[in-house]
Structure formats: structure tokens, C-alpha cells
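Down below is the structure, laid out as C-alpha cells.
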Amino acid sequence: MRQCKKAALLLTTLISVSLNSYGKQLNFLHIIIDDLRAQGLSVYGEKTMETPNIEAFASTGIVFKKAYINIPTCGASRASMLTGLYGRQNRFREYTSRLDKDAPETVSLPAYLKEHGYRTLSFGKVIHTKTDSLNVWSDDPWRSSFSDYRNAKNIEARSHKSCKTTGICAPSGVGKAPAFEMEDEADNTYPDGDVAEAAGEMLRSLEKMMQKKPFYMAVGFVKPHLPFAVPKKYWDLYDSESVKVSAAQFKPKGVPSEAWMKSGELRNGYTGIPAAGDPWENNLSEELIKILTHGYYASTSFSDAQIGYLIGVLDSLELASNTVVILSSDHGFSLADHTLWNKHSLFNVATRVPLIIRLPEQKASGSVEGVVEYVDIYPTVVDLANLRMPEHLAGISLKKNLYYPKLPTKEAVFPRYQQGDNVTTKRYSYSAYFGRGDKSRKMMGHMLYDHLEDPLETVNLVDNPEYADTVLNLQMLLLEHITQNDPERVLESSDFLKPKL
């Protein structure tokens with residue numbers, strides 16, 4: 001026991017010395033990429049997308065190999081990440097979730113840093129809703145006024161006016177346009193290129209000001225979010241005939257009906273896309289699936305270029321010597337995986353996301369193999385800033401893993417969406433789906449995947465007797481988590497279905 005205490009003290013001292021060696025209060029550049037999944041990035045295994053700048057960044061940072069979001073939809077995920085709170089059945093449910101409505105008494109990450117002397121800055125899509133929690137930023141949030149499209153016909157078709165005059169409308173109230181576009185345009189004529197240039201200019205200004213006040217700058221890039229509209233040169237990075245599409249475009253064996261979703265973001269929002277058919281029906285043509293996958297890859301490469309530009313600006317400045325850089329997403333994305341599109345599911349493609357953190361002047365790379373989740377980002381920043389940890393935080397600091405990547409992380413992480421709750425460990429993913437209203441305690445279905453044997457999640461093992469103990473152990477982890485973090489829900493072990501033997 002005494003040796004363990006000595007080792008812990010030595011670790012704390014070494015980390016403290018490392019932080020103090022920078023000589024200044026640390027700055028933070030937090031890059032958030034919309035809809036970016038881990039699958040397909042070379043630093044996360046098989047390479048299907050061209051992302052040289054993410055690869056270069058990862059080569060000087062710490063890659064968290066098994067990082068997970070907590071809610072797979074835009075507004076809710078960002079609200080959870082920036083407040084450090086888990087979602088509940090009545091909190092952080094929809095893409096329209098707001099920090100100021102769902103967690104009005106909670107001090108968010110930028111608000112906490114602002115209270116402690118930081119200049120907090122927002123560029124692009126950071127908090128989902130433009131009017132949400134404006135007071136947490138020292139300066140007015142900066143967003144591009146450019147359209148997602150450059151083709152004039154597409155811009156007109158996507159307008160509110162088109163919706164009113166033609167009656168062809170997306171659920172958001174704008175008109176419908178194609179789900180993809182490739183124009184021979186410069187990067188800075190699209191919103192993300194505009195955001196990258198504005199954020200880069202701010203970094204240069206911060207250096208010129210020589211301010212003593214540290215900063216937290218959050219920069220949100222929209223792509224690869226739909227529509228897949230980016231300069232043609234990023235489409236040209238890929239051979240359209242050999243674009244690698246999902247190898248699991250089918251209904252998983254034994255999957256519960258509750259795991260299916262309508263993929264409404266794609267199905268209802270764009271022209272040329274067939275409406276959702278019967279559950280688990282893959283009714284898009286092979287050609288269209290390949291085009292959409294190509295568009296997602298091209299859009300990811302476009303965002304990768306903006307990441308490279310922004311980090312390049314930082315690294316050309318003295319600011320880099322005391323700036324931590326965090327690269328994250330807000331959730332993953334299904335590209336016909338399990339016949340689904342977009343996020344909004346508890347499958348691994350929607351919940352597993354990139355997380356890469358680079359300390360100032362870090363030269364060597366490393367990777368963390370244990371599971372972490374996005375509620376851990378807030379406490380990690382606070383810990384690196386050497387500030388007192390807010391009591392409300394649900395996550396844990398990952399600071400020790402940044403210096404010693406081989407150290408263990410937590411046992412499990414907990415994504416959830418709508419009526420579904422998930423627990424994921426280093427090897428397994430278990431999801432349970434509960435009824436609504438007065439049936440909220442009744443579990444309607446569940447699924448278990450063994451990522452060691454079945455990384456694509458094609459066979460639900462929940463009824464396999466060989467996994468009976470695993471199912472029960474994961475159920476107990478999930479029950480404990482729900483009991484501690486969603487106190488209005490009253491669940492007992494008997495509310496979970498027992499595995500069939």
C-alpha cells in the first residue's frame with residue numbers, strides 16, 4: 001500500500017513539473033468536427049479516407065483509441081460535452097438541445113474558464129443553437145454567413161423561399177436540394193474554409209496582443225455533415241469506382257426492432273433520396289450509396305484541410321509553446337451500416353469517435369487503449385489548467401493518460417439515445433431499450449456485441465448462453481449508472497430481461 005501511495009505521489013509530481021515547465025498558463029484550442037466517425041481514419045485502423053493533417057497531428061499527440069460520445073445527435077452531444085453532464089431521459093435528448101434550457105444551473109466549460117480569467121472564443125459551429133448561452137463567450141461567437149452550397153440552383157432550392165413557393169420542404173422548413181455538390185471553388189468560399197481563416201486570424205491577433213490572459217478557443221467545422229458539398233478537388237482525391245463502402249449493409253442477426261431508426265436526416269431532407277421503406281430495408285441503389293459515401297469521404301478530407309490550416313497557423317506562432325490542442329467530433333455517422341444513415345443510433349459507428357489531444361511542444365505520439373467518453377473532456381481541461389474541479393462533473397480527467405498513455409482508464413462508458421441506454425467496455429457493447437411513459441421501466445429489447453470477434457456488430461449475442469454472465473455484468477453496470485445519473489428513473493435489476501439459456 002505504501003509503495004502504491006509513493007508511486008501515485010511521484011506520478012502527480014511528475015505531471016505537475018511537466019505542466020509548470022511551460023512557464024505560462026495553458027491555452028486551449030478545441031477543434032470540433034461535426035459527424036466525424038472514427039471508422040475510416042487511418043489513426044483508428046483501416047484507412048478509407050484521405051486525412052493527412054489528422055495523421056500529422058496524431059503523430060505528435062495522444063490518440064484515444066476507444067473514445068465515445070454520450071448522445072449521438074448534434075445539440076445534445078455538444079451540450080453534454082460542454083457541461084460535463086450525462087444525458088437523461090429528460091435531458092439532452094434532441095439535436096435541438098440547449099445548455100441554457102436543459103442545464104440552466106450548470107456552469108459550462110467555457111463559462112467556467114471565463115470565470116477564472118480565460119478569454120473564451122467561439123468560431124463556427126460549437127454550441128448547436130446560435131442563441132444558446134451567448135454569455136459564456138468573452139467575444140461574440142463568430143459564424144460564417146456562407147451557404148452550404150455554391151451552385152446557384154442549389155442555393156435557391158435550399159432556401160426558405162423555395163419551401164414556401166414549391167411546397168417541397170425539409171423538416172427544418174427550408175427547401176430541398178441535392179445531398180451532395182462538387183464545384184470548382186476555393187476552400188474559403190465554403191463555411192468551413194471561412195471559419196478556418198477567421199480563427200487563424202484570431203490566433204495571429206492573440207499573438208500580436210501579447211495578452212497575459214490565457215484563452216480557450218473552440219472552432220467548429222461542419223463537414224462532413226450533410227450536404228456533402230465541398231470543392232471538387234476533394235472529390236477528386238478518390239477514385240469514384242473504387243470508393244470503399246460499408247461491408248455491413250444488412251440487418252444484424254437477432255437485432256431488436258428498437259435499434260432501427262428512420263434515417264430521417266438524409267431520407268427527408270434532400271432531393272433524389274428515397275423515403276425510408278420497411279425497417280432494415282436497404283432501398284438505396286448501389287450507385288447512390290457509393291456517391292453518398294464518396295461525398296462523406298470528400299467532406300472529411302475538406303475538414304482535414306481546414307484542420308491542417310488552423311494547426312499550421314498555431315504552430316507558426318509562439319502561442320504553440322503553451323497551447324493544448326484538442327480534436328474531437330460530436331458523434332459518428334452510419335454510411336449504410338446496418339442499412340442506416342446518419343447518427344441517432346447506439347451502434348458503434350454512431351457512438352465511437354475520434355479524440356486526439358496534443359500537449360504543448362509534444363513531439364512523440366502515443367495511444368490510449370482503454371475506453372473514455374466526451375464527458376471526460378471538461379474535467380481534463382480543468383485539470384490541465386490547474387483549476388479546482390467543479391463538483392457537478394460526471395466524467396474524469398484524462399491528464400494522467402496524456403503523460404502515461406499505458407495507464408488504465410475507466411471500466412465502461414455510457415452513450416444513450418432516446419429510449420436506449422448503452423454501456424461499452426473495452427470489448428463489449430450492450431444496449432437496452434425501454435418503453436415510454438408508464439412503461440418506462442419495461443425493457444422492450446436489448447443487444448450485445450463482442451467487438452473482439454465482431455467489430456462490425458453483425459450478430460446480436462444477447463441470447464447466446466456463452467455470453468450470459470457478460471450480459472448480466474453489463475446490465476448491473478448500466479443499472480448502477482442509471483441509478484446514479486438519472487435519479488428520476490426508478491429501475492431495478494428485475495426490469496432487465498434475463499438472457500435466454
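Here's how to read the names in the C-alpha cells: chain A, B, ... by the order shown, residue numbers from 1 in each chain, ligand numbers from 1 in the order shown.
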
Near segment 160-162 of chain A, within 12 Å and counting only C-alpha atoms, which residues show up once chain neighbours fewer than 3 positions away are dropped, as a ChimeraX atom specification? /A:153-157,165-177

Those of segment 359-439 of chain A in DSSP strand (DSSP E or B), formatted as JSON, numbers by chain: {"A": [366, 367, 368, 369, 370, 371, 372, 373, 413, 416, 417, 420, 421, 422, 423, 424, 428, 429, 430, 431, 432, 433, 434]}

Could you turn the residues from that selection into a file that holds C-alpha atoms, as a PDB file, in the first residue's frame?
```pdb
ATOM      1  CA  GLY A 366       1.107   7.644 -28.121  1.00  0.00           C
ATOM      2  CA  SER A 367      -2.226   5.898 -27.847  1.00  0.00           C
ATOM      3  CA  VAL A 368      -4.636   5.081 -25.035  1.00  0.00           C
ATOM      4  CA  GLU A 369      -6.380   1.735 -25.470  1.00  0.00           C
ATOM      5  CA  GLY A 370      -8.925   2.000 -22.641  1.00  0.00           C
ATOM      6  CA  VAL A 371     -12.416   3.442 -23.047  1.00  0.00           C
ATOM      7  CA  VAL A 372     -13.062   7.154 -22.474  1.00  0.00           C
ATOM      8  CA  GLU A 373     -16.048   9.389 -23.188  1.00  0.00           C
ATOM      9  CA  VAL A 413     -18.607   4.412 -20.866  1.00  0.00           C
ATOM     10  CA  ARG A 416     -27.607   6.838 -24.643  1.00  0.00           C
ATOM     11  CA  TYR A 417     -30.206   7.960 -27.153  1.00  0.00           C
ATOM     12  CA  GLY A 420     -31.988   3.395 -25.361  1.00  0.00           C
ATOM     13  CA  ASP A 421     -29.164   3.137 -22.834  1.00  0.00           C
ATOM     14  CA  ASN A 422     -25.752   1.701 -23.669  1.00  0.00           C
ATOM     15  CA  VAL A 423     -22.717   0.535 -21.748  1.00  0.00           C
ATOM     16  CA  THR A 424     -19.489  -0.052 -23.662  1.00  0.00           C
ATOM     17  CA  TYR A 428     -18.323  -5.288 -25.395  1.00  0.00           C
ATOM     18  CA  SER A 429     -21.242  -3.050 -26.248  1.00  0.00           C
ATOM     19  CA  TYR A 430     -24.600  -3.693 -24.560  1.00  0.00           C
ATOM     20  CA  SER A 431     -27.742  -1.658 -25.272  1.00  0.00           C
ATOM     21  CA  ALA A 432     -31.142  -1.836 -23.572  1.00  0.00           C
ATOM     22  CA  TYR A 433     -34.283  -0.179 -24.948  1.00  0.00           C
ATOM     23  CA  PHE A 434     -37.056   0.845 -22.559  1.00  0.00           C
TER      24      PHE A 434
END
```

Based on DSSP run over this structure's backbone, return all residues of segment 141-384 of chain A in helix (DSSP H, G or I), as an MDAnalysis selection string. chainID A and resid 152:157 160:166 187:189 191:209 232:235 257:259 264:267 286:315 318:322 337:339 348:351 374:384

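Between atom CA of Ala79 of chain A and atom CA of Arg37 of chain A the separation is 18.5 Å.
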
Separation of atom CA of Thr83 of chain A and atom CA of Lys426 of chain A, in Å?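 About the pair atom CA of Thr83 of chain A and atom CA of Lys426 of chain A: they are 25.0 Å apart.
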
What are the nearest atom pairs, with distances in Å to one decimal, for all residues of segment 279-386 of chain A that come at most 7 Å from segment 244-266 of chain A, using only C-alpha atoms, set out by chain and rising residue number as a tab-separated table?
```
residue	atom	partner	partner_atom	distance
A:Pro279	CA	A:Trp260	CA	6.7
A:Trp280	CA	A:Lys251	CA	5.6
A:Lys290	CA	A:Val245	CA	6.4
A:Thr293	CA	A:Val245	CA	6.5
A:Leu335	CA	A:Ser246	CA	6.6
A:Ala336	CA	A:Gln249	CA	5.5
A:Asp337	CA	A:Gln249	CA	4.9
A:His338	CA	A:Phe250	CA	4.8
A:Thr339	CA	A:Gln249	CA	5.1
A:Leu340	CA	A:Ser263	CA	6.1
A:Trp341	CA	A:Ser263	CA	5.2
A:Asn342	CA	A:Ser263	CA	6.1
A:Ser345	CA	A:Ala259	CA	6.8
```

Please save C-alpha atoms of the selected residues as a tab-separated table (two decimals), in the first residue's frame.
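Contents of out-v7.tsv, as written:
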```tsv
chain	number	residue	atom	x	y	z
A	279	PRO	CA	-37.47	-1.37	-41.16
A	280	TRP	CA	-33.99	-2.62	-42.06
A	290	LYS	CA	-21.32	4.86	-53.42
A	293	THR	CA	-20.09	7.51	-49.26
A	335	LEU	CA	-22.95	5.10	-44.14
A	336	ALA	CA	-25.49	2.36	-44.92
A	337	ASP	CA	-24.06	0.37	-42.00
A	338	HIS	CA	-26.87	-1.91	-40.75
A	339	THR	CA	-28.98	-0.27	-43.56
A	340	LEU	CA	-28.90	3.02	-41.59
A	341	TRP	CA	-27.74	6.56	-42.33
A	342	ASN	CA	-26.68	9.49	-40.15
A	345	SER	CA	-28.35	5.03	-33.03
```

Shortest interatomic distance to His451 of chain A - which of A:Asn268, A:Asn53, A:Thr425, A:Ser122, counting only C-alpha atoms: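 Going through A:Asn268, A:Asn53, A:Thr425, A:Ser122 one by one, the smallest distance to His451 of chain A is for A:Thr425.
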